[in-house]
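S.K.: Mind having a look at this structure? Questions to follow.
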Amino acid sequence: LRSESMEAAVVPAARAAAVVLVASILRRIMVCHGYGQGSCEPESRNRTAGDLEGRRQRRKEAEEEQEVPAGEGIHVVVVLSGKRKSGKDFVAGRLKETINDTAGAQVCDIGRLSAPLKKAYAEEHGLNFAELLTDGPYKERYRADMIQWGEERRQHDPGFFAQIVISEAKVPILIISDARRSSDLEFFKSPLKPWKCIAIRVESTLEERRSRGWQHTPGVDDVESECGLDGRTWDVVIQNSGPAAQPVHEGNTLTPVDCRRTIPQRGGVDLQIQGLARRIVQLREKGE
């Protein structure tokens, strides 16, 4: 009798324990398959999985960005070259302003190959990057050494600095205001690039350059950065000196039919820039 009563008590308890166990297992299975709250893995493993998933997503986005060729959104690149104090920055600024006015929108900006070079040089040597971007004595103090430093970087990758400028461009028309080497011109003029390129040489007489503060400096004016593009054939030549470099007469908006050369009269440069701006905007519109 005692045995029978014990069995009668144990069986319901065992059944209840089995029910609890089965319910626990079912609940765990449901959670693992997303039918409930919580997790079937320890919290630390959840964080690791989340971190891995985040890294995978970031890597996927980076790969997708790399699939887009650099400069795909650029339709026209205008490359300016010229000696020191010839007026490259002046021409670049006027051309940018005139292009944007002609287009009626901010479609043009200026890129400088020297900017990424100067930034890297300043960081490596503990210098003032903003001062190196100016035309003052601070930049001149370090110019020769900076040129040599940049040449060493270009020996490893001739298009290194140009690629940085292109990757940062956010407009369809980009003006490169400081091309100095054959490798610079070849990079932008390559038929494999997705943009049209206009190469412009800015010239000025020695007297005019001296009046703007130029003095011959050995190691600066006789190296590739100043002489590497001498004797080349250019799409456009701007004679930025004499009467042509003076402001155009007020009300004179007659632009030359052929803007490849500067009209030797007062305001010739201004008129030439106006003609160039129209041509460049037309090239951009054809490329859209």
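Every chain in the structure tokens takes a letter, A first, then B, and so on in the order presented; its residues are numbered from 1, and the ligands are numbered from 1 following the presented order.
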Give me the residues within 10 Å of Ile74 (chain A) as a PyMOL selection string, counting only C-alpha atoms and dropping any in the same chain fewer than 2 places off.
M.R.: chain A and resi 70-72+76-77+107-108+166+169-174+193-196+284+287-288
S.K.: Set the distance at 9 Å and use only C-alpha atoms: which residues neighbour Arg180 (chain A) once local chain neighbours fewer than 3 positions away are removed? I'd like the list as a PyMOL selection string.
M.R.: chain A and resi 80-83+183-185+224-229
S.K.: Using C-alpha atoms, can you export the residues from the last selection as a PDB file, in the first residue's frame?
M.R.:
ATOM      1  CA  LEU A  80      46.037  76.143 -65.793  1.00  0.00           C
ATOM      2  CA  SER A  81      49.804  76.364 -66.031  1.00  0.00           C
ATOM      3  CA  GLY A  82      52.216  79.277 -65.836  1.00  0.00           C
ATOM      4  CA  LYS A  83      55.313  80.686 -64.216  1.00  0.00           C
ATOM      5  CA  SER A 183      52.653  64.044 -65.379  1.00  0.00           C
ATOM      6  CA  ASP A 184      50.007  66.540 -64.199  1.00  0.00           C
ATOM      7  CA  LEU A 185      48.960  67.386 -67.735  1.00  0.00           C
ATOM      8  CA  GLU A 224      60.776  70.873 -63.017  1.00  0.00           C
ATOM      9  CA  SER A 225      58.042  72.497 -60.944  1.00  0.00           C
ATOM     10  CA  GLU A 226      58.637  75.750 -62.882  1.00  0.00           C
ATOM     11  CA  CYS A 227      60.081  74.493 -66.180  1.00  0.00           C
ATOM     12  CA  GLY A 228      58.450  71.087 -66.658  1.00  0.00           C
ATOM     13  CA  LEU A 229      55.727  72.413 -68.978  1.00  0.00           C
TER      14      LEU A 229
END
S.K.: May I ask for the distance between CA of Lys189 (chain A) and CA of Ile175 (chain A), given in Å to one decimal place?
M.R.: 13.2 Å
S.K.: Can you work out the spacing between CA of Ala120 (chain A) and CA of Gly93 (chain A) in Å, to one decimal?
M.R.: 24.6 Å
S.K.: Give me, please, the distance in Å between CA of Ile110 (chain A) and CA of Leu95 (chain A), quoted to one decimal.
M.R.: 9.6 Å
S.K.: For the alpha helix (DSSP H) assignment from backbone DSSP, which residues of region 164-276 of chain A qualify? Please present them as an MDAnalysis selection string.
M.R.: chainID A and resid 164:168 182:189 206:211 224:227 268:276
S.K.: DSSP says strand (DSSP E) for which residues of region 185-249 of chain A? Put them as number ranges by chain?
M.R.: A: 196-203, 236-239
